[in-house]
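J.: Take a look at this one; I'll ask things after.
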Number of protein chains: 2
Amino acid sequence: MTTETRWLDSEQQVAWRAYLLGTARLMAKLDDDLRQFGLGINDYEILVRLSEAPERRLRMAELADRLHQSRSRLTHTVGRLEAAELVRRTSCKSDKRGVWAELTEAGFSLLEQAAPYHVEGVRENLVDLVSPEDFAALGRVFDAVSEHIGQR
Amino acid sequence: MTTETRWLDSEQQVAWRAYLLGTARLMAKLDDDLRQFGLGINDYEILVRLSEAPERRLRMAELADRLHQSRSRLTHTVGRLEAAELVRRTSCKSDKRGVWAELTEAGFSLLEQAAPYHVEGVRENLVDLVSPEDFAALGRVFDAVSEHIGQR
DNA sequence: CGAGGTTCGTTAAAACTTCAACCAACGACG
DNA sequence: CGTCGTTGGTTGAAGTTTTAACGAACCTCG
C-alpha cells in the first residue's frame, strides 16, 4: 500500500520557502560582512568555538561535531586557518591519535575585532527585525530539529 | 565615538546557535535523502521552480534571483542538470542574450518521484516537530529577513 | 597478550562554488 | 544613427567541500 503524500499546505509552503530564501540571503550577508576580516562565517564559528573552550582549544573531532562538519572539511579549513596563523595544531598526549586545534593570540585578537561587527550584523539582519517571541520560536524550532536528527 | 557593542543575551545566543546547528543538520539530512535520486537540495529546488513556471521554463537570471544564487553558479549547475537530461536550454527569441532553462519530461518525472520523499523529510524533520504557531513564526522571521536584506 | 573492530585525523581526487574577466545584446540618449 | 553604460550569460581558473580510502592508535574481549 502506498500512503497518500501529505503535501505542505500553502501557508506551510510559503513559510518553508521563506526560510530557504531568507537563510540563503542571511548567510550571504553575514559572509560578506566578515570578508573585511578575511573570514567566512564558517571560519568565524570555528574561532568562536575555540575561544570559548578551556585553554582555547578543542580536539578536531569535537570541533567537527559541534559545527556538524565532516572531519575532512575541518582538516582542510583548519589547515588554512593555521596557514593564516590564527590557529595552531598540537598533538594530544593522552591520545596519540588526537590533535588539538588551539586559537593563537593573533586568532583571538582578530576575533575580538570581528565579533562586534558580526554581532551587529546578526542583530540588524535578524534579531532586531522580529519580535522576541518570534525569535524565541526560532530557537525552539531548531532545538527540536537538532534533537530529532540527533548528533551526527 | 565608539558605541558599546550590544551583545546577544544568553537566550538569544542559544537561539542563534540552535538555528545555525539545526539548519546545518537539516540541510545535510535533506541532501542525504535526495541522494537516492541523484539530486542535492539545490538541484531539487531548481527543478521545483521550473516545474511551477509557465511552460515549465524560466530565464536563467530569473531563476538565479529566485534561488539567490550567482548566475555563474546557476550556469554550472544547469550545465550538469542538462548533461543529466533533466533540463534543456533554449535560446530566447525576444531577447537574444537570454536563455530559457526548461524542465524536460525526464526532469519532471524524476521530480514527481522525488517530491513525496522530500516533502515527507521536510515534515518529519521540521514541520511536524513543532507547533503550527512556532512554524508560522519561522515564516514571519525569514520574511522579515528577506524583506530587510532585499533582492540581491 | 593479541586479533579484530572502532575512532581520529589526514590525504588525494572528484565535485562543486566562487571569482574575475569577458562578449553579445539591449537600451537610453545626444 | 552611434556611443556608452547596463544586463544576460558563459568561461576558466582558483578556492572550497565531498568522497573514498587509508594508517595509526585505541579498545574490547577471548
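By order of appearance in the C-alpha cells: chains A, B, ..., then residues from 1 within every chain, and ligands from 1 in the order shown.
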Considering only C-alpha atoms (C1' of nucleotides), tabulate each residue of chain D that lies at most 12 Å from range 85-102 of chain B along with its nearest interatomic pair and the corresponding distance in Å to one decimal; arrange the rows by chain and ascending residue number and present them as a tab-separated table.

T.:
residue	atom	partner	partner_atom	distance
D:DT7	C1'	B:Arg97	CA	8.9
D:DG8	C1'	B:Arg97	CA	5.6
D:DG9	C1'	B:Arg97	CA	7.2
D:DT10	C1'	B:Arg97	CA	11.0

J.: With a distance cut-off of 12 Å and only C-alpha atoms (C1' of nucleotides), select the neighbouring residues of DA3 in chain C, excluding the residue or stretch itself and same-chain residues fewer than 5 positions from it, and output the selection as a list of chain:residue names.

T.: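 In the requested format, the answer is D:DC27, D:DT28, D:DC29, D:DG30.
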
J.: Would you give me, as JSON lines, each residue of chain A having an atom within 6 Å of an atom of chain B, along with its shortest atom pair and that distance in Å to one decimal, using only C-alpha atoms and sorting by chain and residue number?

T.:
{"residue": "A:Thr5", "atom": "CA", "partner": "B:Pro116", "partner_atom": "CA", "distance": 5.8}
{"residue": "A:Ala15", "atom": "CA", "partner": "B:Gly139", "partner_atom": "CA", "distance": 3.9}
{"residue": "A:Ala18", "atom": "CA", "partner": "B:Phe142", "partner_atom": "CA", "distance": 5.4}
{"residue": "A:Tyr19", "atom": "CA", "partner": "B:Phe142", "partner_atom": "CA", "distance": 5.3}
{"residue": "A:Gly22", "atom": "CA", "partner": "B:Ser146", "partner_atom": "CA", "distance": 4.9}
{"residue": "A:Pro116", "atom": "CA", "partner": "B:Thr5", "partner_atom": "CA", "distance": 5.9}
{"residue": "A:Asn125", "atom": "CA", "partner": "B:Val145", "partner_atom": "CA", "distance": 6.0}
{"residue": "A:Leu126", "atom": "CA", "partner": "B:Val145", "partner_atom": "CA", "distance": 5.9}
{"residue": "A:Asp134", "atom": "CA", "partner": "B:Ala137", "partner_atom": "CA", "distance": 5.2}
{"residue": "A:Ala137", "atom": "CA", "partner": "B:Asp134", "partner_atom": "CA", "distance": 5.2}
{"residue": "A:Leu138", "atom": "CA", "partner": "B:Leu138", "partner_atom": "CA", "distance": 5.8}
{"residue": "A:Gly139", "atom": "CA", "partner": "B:Ala15", "partner_atom": "CA", "distance": 3.9}
{"residue": "A:Phe142", "atom": "CA", "partner": "B:Gly22", "partner_atom": "CA", "distance": 4.9}
{"residue": "A:Asp143", "atom": "CA", "partner": "B:Ala18", "partner_atom": "CA", "distance": 5.6}
{"residue": "A:Val145", "atom": "CA", "partner": "B:Gly22", "partner_atom": "CA", "distance": 5.7}
{"residue": "A:Ser146", "atom": "CA", "partner": "B:Gly22", "partner_atom": "CA", "distance": 4.9}

J.: Would you return as a ChimeraX atom specification the members of chain B that DSSP assigns to helix (DSSP H, G or I) on this structure's backbone?

T.: /B:10-35,41-52,54-56,60-67,71-83,105-125,127-129,132-149

J.: Restrict the selected residues to C-alpha atoms and save them as a compact mmCIF listing (two decimals), in the first residue's frame.

T.:
# COMPACT_ATOMS: atom_id res chain seq x y z
CA SER B 10 22.18 34.37 26.59
CA GLU B 11 18.73 33.34 25.38
CA GLN B 12 19.34 34.95 22.04
CA GLN B 13 22.74 33.39 21.84
CA VAL B 14 21.25 29.96 22.42
CA ALA B 15 18.52 30.50 19.84
CA TRP B 16 21.00 31.78 17.27
CA ARG B 17 23.25 28.77 17.68
CA ALA B 18 20.33 26.39 17.62
CA TYR B 19 19.41 27.90 14.28
CA LEU B 20 22.92 27.51 12.88
CA LEU B 21 23.34 23.96 14.04
CA GLY B 22 19.78 22.92 13.27
CA THR B 23 19.98 24.32 9.78
CA ALA B 24 23.24 22.52 9.13
CA ARG B 25 21.78 19.24 10.30
CA LEU B 26 18.52 19.71 8.49
CA MET B 27 20.12 20.56 5.16
CA ALA B 28 22.51 17.65 5.46
CA LYS B 29 19.61 15.34 6.16
CA LEU B 30 17.51 16.56 3.27
CA ASP B 31 20.50 16.30 0.97
CA ASP B 32 21.09 12.75 2.07
CA ASP B 33 17.51 11.82 1.47
CA LEU B 34 17.61 13.21 -2.04
CA ARG B 35 20.83 11.46 -2.92
CA ILE B 41 18.61 20.04 -2.39
CA ASN B 42 19.90 22.75 -4.63
CA ASP B 43 19.17 20.75 -7.75
CA TYR B 44 15.81 19.85 -6.35
CA GLU B 45 14.86 23.47 -5.78
CA ILE B 46 15.83 24.32 -9.32
CA LEU B 47 13.62 21.59 -10.70
CA VAL B 48 10.74 22.67 -8.49
CA ARG B 49 10.94 26.28 -9.59
CA LEU B 50 10.96 25.23 -13.21
CA SER B 51 8.07 22.84 -12.73
CA GLU B 52 5.92 25.63 -11.37
CA PRO B 54 4.56 28.66 -17.15
CA GLU B 55 5.64 26.15 -19.77
CA ARG B 56 7.97 24.74 -17.13
CA MET B 60 18.42 31.92 -16.15
CA ALA B 61 18.61 35.27 -14.43
CA GLU B 62 15.12 34.97 -13.05
CA LEU B 63 15.84 31.53 -11.70
CA ALA B 64 19.10 32.69 -10.15
CA ASP B 65 17.29 35.52 -8.38
CA ARG B 66 14.58 33.29 -7.01
CA LEU B 67 17.17 30.98 -5.53
CA ARG B 71 24.46 33.46 -12.32
CA SER B 72 27.73 31.66 -12.60
CA ARG B 73 26.75 29.03 -10.12
CA LEU B 74 23.48 28.52 -11.89
CA THR B 75 25.20 28.19 -15.25
CA HIS B 76 27.36 25.40 -13.87
CA THR B 77 24.54 23.63 -12.11
CA VAL B 78 22.19 23.81 -15.06
CA GLY B 79 25.03 22.52 -17.18
CA ARG B 80 25.13 19.41 -15.04
CA LEU B 81 21.36 19.04 -14.99
CA GLU B 82 21.37 19.36 -18.73
CA ALA B 83 24.00 16.67 -19.04
CA GLU B 105 9.90 15.23 -19.38
CA ALA B 106 12.53 13.16 -17.60
CA GLY B 107 13.19 16.03 -15.20
CA PHE B 108 9.52 16.37 -14.45
CA SER B 109 9.08 12.71 -13.83
CA LEU B 110 12.12 12.48 -11.59
CA LEU B 111 10.69 15.36 -9.62
CA GLU B 112 7.39 13.55 -9.31
CA GLN B 113 9.22 10.63 -7.83
CA ALA B 114 11.41 12.66 -5.51
CA ALA B 115 8.87 15.16 -4.25
CA PRO B 116 6.88 12.87 -1.94
CA TYR B 117 10.06 11.68 -0.24
CA HIS B 118 11.40 15.14 0.07
CA VAL B 119 8.20 16.59 1.49
CA GLU B 120 7.99 13.73 3.91
CA GLY B 121 11.52 14.59 5.02
CA VAL B 122 10.65 18.23 5.49
CA ARG B 123 7.69 17.24 7.59
CA GLU B 124 9.42 14.63 9.64
CA ASN B 125 12.49 16.71 10.36
CA VAL B 127 7.24 20.84 10.19
CA ASP B 128 5.74 18.06 12.24
CA LEU B 129 8.16 18.60 15.10
CA PRO B 132 1.87 25.42 13.94
CA GLU B 133 2.35 28.71 15.77
CA ASP B 134 6.09 28.26 16.02
CA PHE B 135 6.30 27.21 12.42
CA ALA B 136 4.35 30.26 11.38
CA ALA B 137 6.77 32.36 13.41
CA LEU B 138 9.60 30.86 11.38
CA GLY B 139 7.91 32.11 8.27
CA ARG B 140 7.49 35.60 9.69
CA VAL B 141 11.10 35.72 10.81
CA PHE B 142 12.53 34.89 7.43
CA ASP B 143 10.08 37.03 5.57
CA ALA B 144 11.41 39.89 7.62
CA VAL B 145 14.98 38.88 6.89
CA SER B 146 14.40 38.63 3.16
CA GLU B 147 12.50 41.85 3.14
CA HIS B 148 15.25 43.62 5.03
CA ILE B 149 18.17 42.33 3.03

J.: Give as a VMD selection string every residue of chain C that touches chain A within 10 Å, counting only C-alpha atoms (C1' of nucleotides).

T.: chain C and resid 7 to 11

J.: Now that the selection is made, can you save its residues with N, CA and C atoms (P, O5', C5', C4', C3', O3' and C1' of nucleotides) as a compact mmCIF listing (two decimals), in the first residue's frame?

T.:
# COMPACT_ATOMS: atom_id res chain seq x y z
P DT C 7 33.12 4.15 16.69
O5' DT C 7 34.36 5.11 16.93
C5' DT C 7 35.04 5.08 18.18
C4' DT C 7 36.29 5.92 18.03
C3' DT C 7 36.04 7.27 17.36
O3' DT C 7 36.62 8.27 18.19
C1' DT C 7 37.82 6.15 16.30
P DC C 8 36.65 9.81 17.81
O5' DC C 8 38.09 9.94 17.16
C5' DC C 8 39.25 9.87 17.99
C4' DC C 8 40.45 10.35 17.20
C3' DC C 8 40.20 11.69 16.46
O3' DC C 8 41.21 12.61 16.84
C1' DC C 8 41.00 10.01 14.96
P DG C 9 41.03 14.16 16.50
O5' DG C 9 41.66 14.18 15.04
C5' DG C 9 43.06 13.88 14.92
C4' DG C 9 43.41 13.63 13.48
C3' DG C 9 43.08 14.77 12.50
O3' DG C 9 44.30 15.46 12.25
C1' DG C 9 42.69 12.58 11.58
P DT C 10 44.42 16.56 11.13
O5' DT C 10 44.78 15.65 9.86
C5' DT C 10 45.91 14.78 9.95
C4' DT C 10 46.08 14.00 8.66
C3' DT C 10 46.21 14.88 7.41
O3' DT C 10 47.47 14.54 6.82
C1' DT C 10 44.67 13.09 7.06
P DT C 11 48.02 15.41 5.61
O5' DT C 11 47.46 14.60 4.36
C5' DT C 11 47.96 13.28 4.12
C4' DT C 11 47.24 12.71 2.90
C3' DT C 11 47.26 13.63 1.68
O3' DT C 11 48.03 12.98 0.68
C1' DT C 11 45.10 12.67 2.05

J.: Grab the C1' of DG30 in chain C to C1' of DT6 in chain D distance for me, in Å with one decimal place.

T.: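 Those two atoms sit 17.9 Å apart.
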
J.: Counting only C-alpha atoms (C1' of nucleotides), which residues from chain D have an atom at most 12 Å from any atom of chain A, and could you show them as a ChimeraX atom specification?

T.: /D:15-20,23-26

J.: Would you list the contacts of DA28 in chain C as a PyMOL selection string, taking every protein, DNA or RNA residue within 12 Å and counting only C-alpha atoms (C1' of nucleotides), but skipping same-chain residues closer than 6 positions in sequence?

T.: chain D and resi 3-6
